[in-house]
Amino acid sequence: MRLHLGLLVMAWALSAPAVAVERAAIPEKYTWNLADIFPSQAAWTKAKEALGKRIPRLTESRGHLGDSADALHRGLSEMFAAQQQLLALGAYASMLSDQDTRESAPREMLQSAQQLGVDFDAATAWVQPELLSIDAAKLRAFVAQDKRLAEYRFYLEDTLRWKPHTLNAAEEKILAETGSLTEASRSIYSVLKDSDFPYPTVKLSTGQEVRLDSAAYTLQRASPVREDRDKVFDAFFGGFKAFRGTMGATLYAHVQAHVFEKKERNFDSSLAAALFRDNVPTDIYRQLVLDVHRNLPSLHRYLKLRQRMMGLDSLRYQDLYAPLVAKVDLSFSPEEARALVLQAVAPLGKPYVDALKKGYESRWTDYLPSPGKAPGAYSTGVYGVHPYQLLNFNGKYEDLTTLAHESGHSMHTYFSSANQPYPTANYAIFVAEVASTLNENLLLYFMLARAPNDATRLSLLGTYLDGLRTTLFRQTLFAEFELKAHEMVERGETLTGENLTAVYLALAREYYGHDAGICRVDDIIGYEWEYIPHFYGSFYVYQYATSLVASTTLAKNIRAESGKSTRARDAYLALLKSGGSDYPVELLKKAGVDMTTSVPFQAAMAEMNSTMDEMEKILAKQGH
């Protein structure tokens, strides 16, 4: 089936938690309601045991899918129904664990759900080889004969597309059973980084001593005090430097697993193997990297603007997270943030706003930080129930944008689930991040229209530019690093902490204009790759950049309608409602964006440069 529990998470963004109170003290209205999935952990256990008995029976249809349209429907419906229950079990256990990662019981529940996932993959490994053994014309005739098979049409056509890369049933079963082994590198990395890593402690200029775990690093790297930023970067990445050998070994093992699958499935490259799942041409990935390199002057213009606004004689990598406009302090309660997001997304129409409002009122979202709660933010969903969001809401503008971002994901899930049968409800990450970043864009322009003064406007515009740097340029840097690492292994080279650091440092210096004197990138920044968990995905991060590019054009078209037309809005809503009923590149074309060209990227660059034009005009007016 090639669908794993990890695909449940639609977005992930690290954020620093505020002063946290114990979960028991948080008002219920700020917590999500997992009882909508299972009323209790006992009910979850009962469902898990029932699924454990059901999975072995999925082999009963083996050898009979081609007997008749009815037999095909019976086999597929049994498989997809089991998968739907599996993902519900996984989502519940994962979210329960994220409420307090210190508790072992939810973690054990998640592990047992993941094991069921491996069992499911093994029990259904025969399905696609058997489908491919049936004449394609016969399969299509079955679909034409039995209207119940209509919801499986896209799955069957996609299975036929996989024919050159599908093994026989026995080989597919072996590959499926290696799932837990290939995940070992990610698990080892996570345990080391999140649990066992000896994070350093630094003494700040205030006299405060801070243990620099990931959340504290995210907070303290934005310190307005340059001396403190230097201490934070040196200590944090100095800690990672000491573990570069171990981190290099875990990433090498992870990449080797990708290269192994690439070889076994007869792909030309690991990149092709990863992008084939969603039928995304590798040219799109490589074109993104080329487009970014051609537009590094726009990034460098932003960096020089940042240096100017910060009043620095020179800019260093350590300065990139410090606030541009220190005097502006926007803050919001969860209720205020919700109201602002609902107003900002009004251009998407009343049905969108009403559904999101209902979600806010129905405890879709877990808002506040608490001890042991998973950091960051994400949106997930359970088909037949509703979407969920995890936040660590601090009340800052970044938290408002995170709410808008995750709400975009949630509404994508909502519309997809409401309009698609389960087999085509799960959409690709390639379009998932479009829904989230489009909401951020609408929020930005809504807030700009209501900015009370130039200082606030500068802050908002600066935040937008920071987002472009981190989402478009930084994520593409990550994508290029990931590609280079895989190509090294495909050439027979070994990945080590030393050579990975050298590759990363060279890329960072090129992107940030180190040699041109734009932004100094010290040697210590070379160890940043160890901090990035996304490298343990499979060519995942490039989609942040492509999605931002696509959503910039879509949002601009929607804003331009101004009530005169709804064509762009309706095309976008059709995208959300389409779920995974077509390939993501095709879905975006229907919505009005062709990602096989550089046109959307150039439109994003035009918006970036127009933003800088406006900021420079404000600065000139202020005499800066």
# chains A, B, ... in the order shown; residues from 1 in each chain; ligands from 1

$ residues_around --residues "Thr553 in chain A" --least-positions-apart "2" --cutoff "12 Å" --atoms "only C-alpha atoms" --output "PyMOL selection string"
chain A and resi 434+437-438+441-442+546-551+555-560+568-569+572+588-589+591-595+599-607

$ closest_atom_pairs --of "range 407-505 of chain A" --to "range 251-258 of chain A" --cutoff "12 Å" --atoms "only C-alpha atoms" --output "JSON lines"
{"residue": "A:Glu482", "atom": "CA", "partner": "A:Val255", "partner_atom": "CA", "distance": 9.1}
{"residue": "A:Leu483", "atom": "CA", "partner": "A:Val255", "partner_atom": "CA", "distance": 10.1}
{"residue": "A:Lys484", "atom": "CA", "partner": "A:Val255", "partner_atom": "CA", "distance": 10.9}
{"residue": "A:Ala485", "atom": "CA", "partner": "A:Val255", "partner_atom": "CA", "distance": 7.6}
{"residue": "A:His486", "atom": "CA", "partner": "A:Val255", "partner_atom": "CA", "distance": 6.1}
{"residue": "A:Glu487", "atom": "CA", "partner": "A:Val255", "partner_atom": "CA", "distance": 9.6}
{"residue": "A:Met488", "atom": "CA", "partner": "A:Val255", "partner_atom": "CA", "distance": 9.8}
{"residue": "A:Val489", "atom": "CA", "partner": "A:Gln256", "partner_atom": "CA", "distance": 7.1}
{"residue": "A:Glu490", "atom": "CA", "partner": "A:Gln256", "partner_atom": "CA", "distance": 8.6}
{"residue": "A:Arg491", "atom": "CA", "partner": "A:Gln256", "partner_atom": "CA", "distance": 11.6}
{"residue": "A:Gly492", "atom": "CA", "partner": "A:Gln256", "partner_atom": "CA", "distance": 10.2}
{"residue": "A:Glu493", "atom": "CA", "partner": "A:Tyr252", "partner_atom": "CA", "distance": 10.0}
{"residue": "A:Thr494", "atom": "CA", "partner": "A:Tyr252", "partner_atom": "CA", "distance": 7.3}
{"residue": "A:Leu495", "atom": "CA", "partner": "A:Tyr252", "partner_atom": "CA", "distance": 5.3}
{"residue": "A:Thr496", "atom": "CA", "partner": "A:Tyr252", "partner_atom": "CA", "distance": 7.3}
{"residue": "A:Gly497", "atom": "CA", "partner": "A:Leu251", "partner_atom": "CA", "distance": 9.1}
{"residue": "A:Asn499", "atom": "CA", "partner": "A:Tyr252", "partner_atom": "CA", "distance": 11.2}
{"residue": "A:Leu500", "atom": "CA", "partner": "A:Leu251", "partner_atom": "CA", "distance": 9.5}

$ atom_distance --atom1 "CA of Glu480 in chain A" --atom2 "CA of Tyr542 in chain A"
8.6 Å

$ residues_around --residues "range 159-165 of chain A" --least-positions-apart "6" --cutoff "8 Å" --atoms "only C-alpha atoms" --output "ChimeraX atom specification"
/A:128,131-132,136,265-267

$ select_by_dssp --residues "range 457-603 of chain A" --states "helix (DSSP H, G or I)" --output "number ranges by chain"
A: 457-490, 497-511, 523-531, 533-536, 542-561, 567-578, 584-591, 599-603

$ residues_around --residues "Arg306 in chain A" --least-positions-apart "4" --cutoff "12 Å" --atoms "only C-alpha atoms" --output "VMD selection string"
chain A and resid 299 to 302 310 to 317 319 to 325 458 to 459 461 to 463 465 to 466 469 518 to 519 612 615 to 616 619

$ closest_atom_pairs --of "range 312-375 of chain A" --to "range 35-45 of chain A" --cutoff "12 Å" --atoms "only C-alpha atoms" --output "tab-separated table"
residue	atom	partner	partner_atom	distance
A:Ser362	CA	A:Asp36	CA	10.1
A:Arg363	CA	A:Asp36	CA	9.8
A:Trp364	CA	A:Asp36	CA	9.7

$ select_by_dssp --residues "range 365-585 of chain A" --states "strand (DSSP E or B)" --output "number ranges by chain"
A: 365-366, 378-381, 387-390, 396, 520

$ write_last_selection --atoms "all heavy atoms" --output "short mmCIF file (atom, residue, chain, number, x, y, z; two decimals), in the first residue's frame"
data_model
loop_
_atom_site.label_atom_id
_atom_site.label_comp_id
_atom_site.auth_asym_id
_atom_site.auth_seq_id
_atom_site.Cartn_x
_atom_site.Cartn_y
_atom_site.Cartn_z
N THR A 365 -8.34 21.60 18.35
CA THR A 365 -6.98 22.12 18.55
C THR A 365 -6.52 21.99 19.99
O THR A 365 -7.28 22.25 20.92
CB THR A 365 -6.91 23.60 18.14
OG1 THR A 365 -7.41 23.73 16.79
CG2 THR A 365 -5.49 24.13 18.21
N ASP A 366 -5.25 21.59 20.16
CA ASP A 366 -4.60 21.57 21.46
C ASP A 366 -3.63 22.74 21.48
O ASP A 366 -2.61 22.72 20.79
CB ASP A 366 -3.86 20.24 21.66
CG ASP A 366 -3.64 19.92 23.13
OD1 ASP A 366 -4.56 19.35 23.73
OD2 ASP A 366 -2.57 20.25 23.64
N TYR A 378 1.57 20.86 14.39
CA TYR A 378 1.22 20.04 13.23
C TYR A 378 -0.29 19.93 13.12
O TYR A 378 -1.04 20.29 14.03
CB TYR A 378 1.86 18.65 13.29
CG TYR A 378 1.41 17.75 14.43
CD1 TYR A 378 0.15 17.18 14.45
CD2 TYR A 378 2.28 17.43 15.47
CE1 TYR A 378 -0.25 16.32 15.48
CE2 TYR A 378 1.90 16.59 16.50
CZ TYR A 378 0.63 16.03 16.50
OH TYR A 378 0.25 15.19 17.51
N SER A 379 -0.72 19.46 11.97
CA SER A 379 -2.12 19.12 11.75
C SER A 379 -2.17 17.69 11.27
O SER A 379 -1.32 17.25 10.50
CB SER A 379 -2.75 20.05 10.71
OG SER A 379 -4.07 19.64 10.42
N THR A 380 -3.15 16.96 11.74
CA THR A 380 -3.37 15.58 11.31
C THR A 380 -4.86 15.37 11.22
O THR A 380 -5.65 16.28 11.52
CB THR A 380 -2.71 14.59 12.28
OG1 THR A 380 -2.79 13.27 11.73
CG2 THR A 380 -3.38 14.61 13.63
N GLY A 381 -5.29 14.23 10.80
CA GLY A 381 -6.71 13.99 10.69
C GLY A 381 -7.04 12.53 10.72
O GLY A 381 -6.18 11.68 10.44
N PRO A 387 -10.30 16.84 11.47
CA PRO A 387 -8.88 17.16 11.63
C PRO A 387 -8.56 17.51 13.09
O PRO A 387 -9.44 17.83 13.89
CB PRO A 387 -8.67 18.39 10.74
CG PRO A 387 -9.90 18.49 9.90
CD PRO A 387 -11.01 17.85 10.68
N TYR A 388 -7.26 17.45 13.39
CA TYR A 388 -6.75 17.87 14.70
C TYR A 388 -5.53 18.77 14.47
O TYR A 388 -4.83 18.63 13.47
CB TYR A 388 -6.33 16.68 15.55
CG TYR A 388 -7.46 15.90 16.17
CD1 TYR A 388 -8.07 14.84 15.49
CD2 TYR A 388 -7.93 16.22 17.44
CE1 TYR A 388 -9.11 14.13 16.08
CE2 TYR A 388 -8.96 15.50 18.03
CZ TYR A 388 -9.55 14.45 17.35
OH TYR A 388 -10.58 13.75 17.93
N GLN A 389 -5.28 19.66 15.44
CA GLN A 389 -4.08 20.50 15.41
C GLN A 389 -3.39 20.47 16.76
O GLN A 389 -4.06 20.56 17.79
CB GLN A 389 -4.44 21.96 15.11
CG GLN A 389 -5.10 22.20 13.78
CD GLN A 389 -5.43 23.68 13.58
OE1 GLN A 389 -4.61 24.54 13.89
NE2 GLN A 389 -6.61 23.96 13.08
N LEU A 390 -2.08 20.37 16.74
CA LEU A 390 -1.27 20.54 17.94
C LEU A 390 -0.49 21.84 17.79
O LEU A 390 0.16 22.07 16.76
CB LEU A 390 -0.31 19.38 18.15
CG LEU A 390 0.60 19.50 19.40
CD1 LEU A 390 0.72 18.16 20.10
CD2 LEU A 390 1.99 20.03 19.03
N LYS A 396 2.39 35.08 20.54
CA LYS A 396 3.15 35.98 19.69
C LYS A 396 2.61 35.93 18.26
O LYS A 396 1.80 35.07 17.91
CB LYS A 396 4.63 35.63 19.72
CG LYS A 396 5.25 35.66 21.11
CD LYS A 396 5.14 37.03 21.74
CE LYS A 396 5.80 37.09 23.10
NZ LYS A 396 5.62 38.41 23.76
N ARG A 520 28.52 36.41 6.97
CA ARG A 520 29.59 35.51 7.40
C ARG A 520 29.00 34.23 7.96
O ARG A 520 28.10 34.26 8.82
CB ARG A 520 30.46 36.18 8.45
CG ARG A 520 31.78 35.44 8.69
CD ARG A 520 32.62 36.16 9.72
NE ARG A 520 32.25 35.78 11.08
CZ ARG A 520 32.46 36.53 12.15
NH1 ARG A 520 33.01 37.73 12.02
NH2 ARG A 520 32.12 36.11 13.35
#

$ closest_residue --among "A:Gly207, A:Gly117, A:Gly623, A:Gly359" --to "Ser407 in chain A" --atoms "only C-alpha atoms"
A:Gly359

$ closest_residue --among "A:Leu400, A:Gln622, A:Ala337, A:Phe120" --to "Asn453 in chain A" --atoms "only C-alpha atoms"
A:Gln622

$ residues_around --residues "Leu575 in chain A" --least-positions-apart "3" --cutoff "12 Å" --atoms "only C-alpha atoms" --output "PyMOL selection string"
chain A and resi 411-413+415-416+419-420+425+427-428+431-432+434-435+551+554+568-572+578-593

$ atom_distance --atom1 "CA of Arg186 in chain A" --atom2 "CA of Ile524 in chain A"
23.9 Å

$ closest_residue --among "A:Thr31, A:Gln318, A:Arg148, A:Ser331" --to "Arg221 in chain A" --atoms "only C-alpha atoms"
A:Gln318

$ atom_distance --atom1 "CA of Glu130 in chain A" --atom2 "CA of Leu156 in chain A"
11.6 Å

$ residues_around --residues "Leu275 in chain A" --least-positions-apart "2" --cutoff "10 Å" --atoms "only C-alpha atoms" --output "number ranges by chain"
A: 270-273, 277-282, 284-285, 430, 538-540

$ residues_around --residues "Thr501 in chain A" --least-positions-apart "5" --cutoff "12 Å" --atoms "only C-alpha atoms" --output "mmCIF file with N, CA and C atoms, in the first residue's frame"
data_model
loop_
_atom_site.group_PDB
_atom_site.id
_atom_site.type_symbol
_atom_site.label_atom_id
_atom_site.label_comp_id
_atom_site.auth_asym_id
_atom_site.auth_seq_id
_atom_site.Cartn_x
_atom_site.Cartn_y
_atom_site.Cartn_z
ATOM 1 N N PHE A 237 25.767 24.233 18.665
ATOM 2 C CA PHE A 237 26.355 23.451 17.574
ATOM 3 C C PHE A 237 27.705 22.863 17.961
ATOM 4 N N PHE A 240 26.740 19.500 19.081
ATOM 5 C CA PHE A 240 26.523 18.588 17.958
ATOM 6 C C PHE A 240 27.853 18.174 17.316
ATOM 7 N N LYS A 241 28.813 19.092 17.312
ATOM 8 C CA LYS A 241 30.123 18.757 16.738
ATOM 9 C C LYS A 241 30.716 17.528 17.410
ATOM 10 N N PHE A 243 29.263 15.009 18.428
ATOM 11 C CA PHE A 243 28.558 13.780 18.042
ATOM 12 C C PHE A 243 28.476 13.622 16.528
ATOM 13 N N ARG A 244 29.327 14.331 15.790
ATOM 14 C CA ARG A 244 29.245 14.285 14.343
ATOM 15 C C ARG A 244 29.471 12.878 13.788
ATOM 16 N N GLY A 245 30.305 12.089 14.473
ATOM 17 C CA GLY A 245 30.549 10.723 14.010
ATOM 18 C C GLY A 245 29.304 9.871 14.104
ATOM 19 N N MET A 247 26.149 10.956 14.412
ATOM 20 C CA MET A 247 25.113 11.504 13.536
ATOM 21 C C MET A 247 25.394 11.161 12.075
ATOM 22 N N GLY A 248 26.645 11.181 11.700
ATOM 23 C CA GLY A 248 26.996 10.787 10.335
ATOM 24 C C GLY A 248 26.645 9.339 10.060
ATOM 25 N N PHE A 481 21.337 19.708 -0.077
ATOM 26 C CA PHE A 481 22.203 18.900 0.786
ATOM 27 C C PHE A 481 21.750 17.438 0.774
ATOM 28 N N ALA A 485 23.921 14.219 -0.597
ATOM 29 C CA ALA A 485 24.234 13.077 0.267
ATOM 30 C C ALA A 485 23.841 11.768 -0.414
ATOM 31 N N LEU A 495 29.264 8.210 3.810
ATOM 32 C CA LEU A 495 28.945 9.454 4.500
ATOM 33 C C LEU A 495 29.551 9.420 5.897
ATOM 34 N N THR A 496 30.244 10.480 6.246
ATOM 35 C CA THR A 496 30.815 10.613 7.582
ATOM 36 C C THR A 496 30.435 11.982 8.136
ATOM 37 N N ALA A 506 29.764 24.292 2.855
ATOM 38 C CA ALA A 506 29.988 24.882 1.532
ATOM 39 C C ALA A 506 28.672 25.420 0.958
ATOM 40 N N LEU A 507 27.603 24.669 1.122
ATOM 41 C CA LEU A 507 26.301 25.128 0.634
ATOM 42 C C LEU A 507 25.841 26.376 1.383
ATOM 43 N N ALA A 508 25.969 26.362 2.700
ATOM 44 C CA ALA A 508 25.532 27.510 3.493
ATOM 45 C C ALA A 508 26.306 28.766 3.096
ATOM 46 N N ASP A 523 32.622 28.403 10.757
ATOM 47 C CA ASP A 523 32.799 26.954 10.643
ATOM 48 C C ASP A 523 31.776 26.180 11.470
ATOM 49 N N ILE A 524 31.403 26.713 12.632
ATOM 50 C CA ILE A 524 30.514 25.997 13.543
ATOM 51 C C ILE A 524 29.153 25.732 12.905
ATOM 52 N N ILE A 525 28.751 26.549 11.916
ATOM 53 C CA ILE A 525 27.452 26.379 11.260
ATOM 54 C C ILE A 525 27.434 25.103 10.420
ATOM 55 N N GLY A 526 28.603 24.595 10.094
ATOM 56 C CA GLY A 526 28.659 23.366 9.309
ATOM 57 C C GLY A 526 28.006 22.179 9.987
ATOM 58 N N TYR A 527 27.843 22.250 11.308
ATOM 59 C CA TYR A 527 27.248 21.128 12.046
ATOM 60 C C TYR A 527 25.730 21.244 12.162
ATOM 61 N N GLU A 528 25.149 22.238 11.525
ATOM 62 C CA GLU A 528 23.701 22.429 11.632
ATOM 63 C C GLU A 528 22.914 21.262 11.043
ATOM 64 N N TRP A 529 23.474 20.558 10.071
ATOM 65 C CA TRP A 529 22.757 19.435 9.459
ATOM 66 C C TRP A 529 22.357 18.394 10.490
ATOM 67 N N GLU A 530 23.116 18.264 11.572
ATOM 68 C CA GLU A 530 22.801 17.272 12.597
ATOM 69 C C GLU A 530 21.514 17.616 13.346
ATOM 70 N N TYR A 531 21.136 18.862 13.316
ATOM 71 C CA TYR A 531 19.986 19.353 14.067
ATOM 72 C C TYR A 531 18.677 19.184 13.301
#
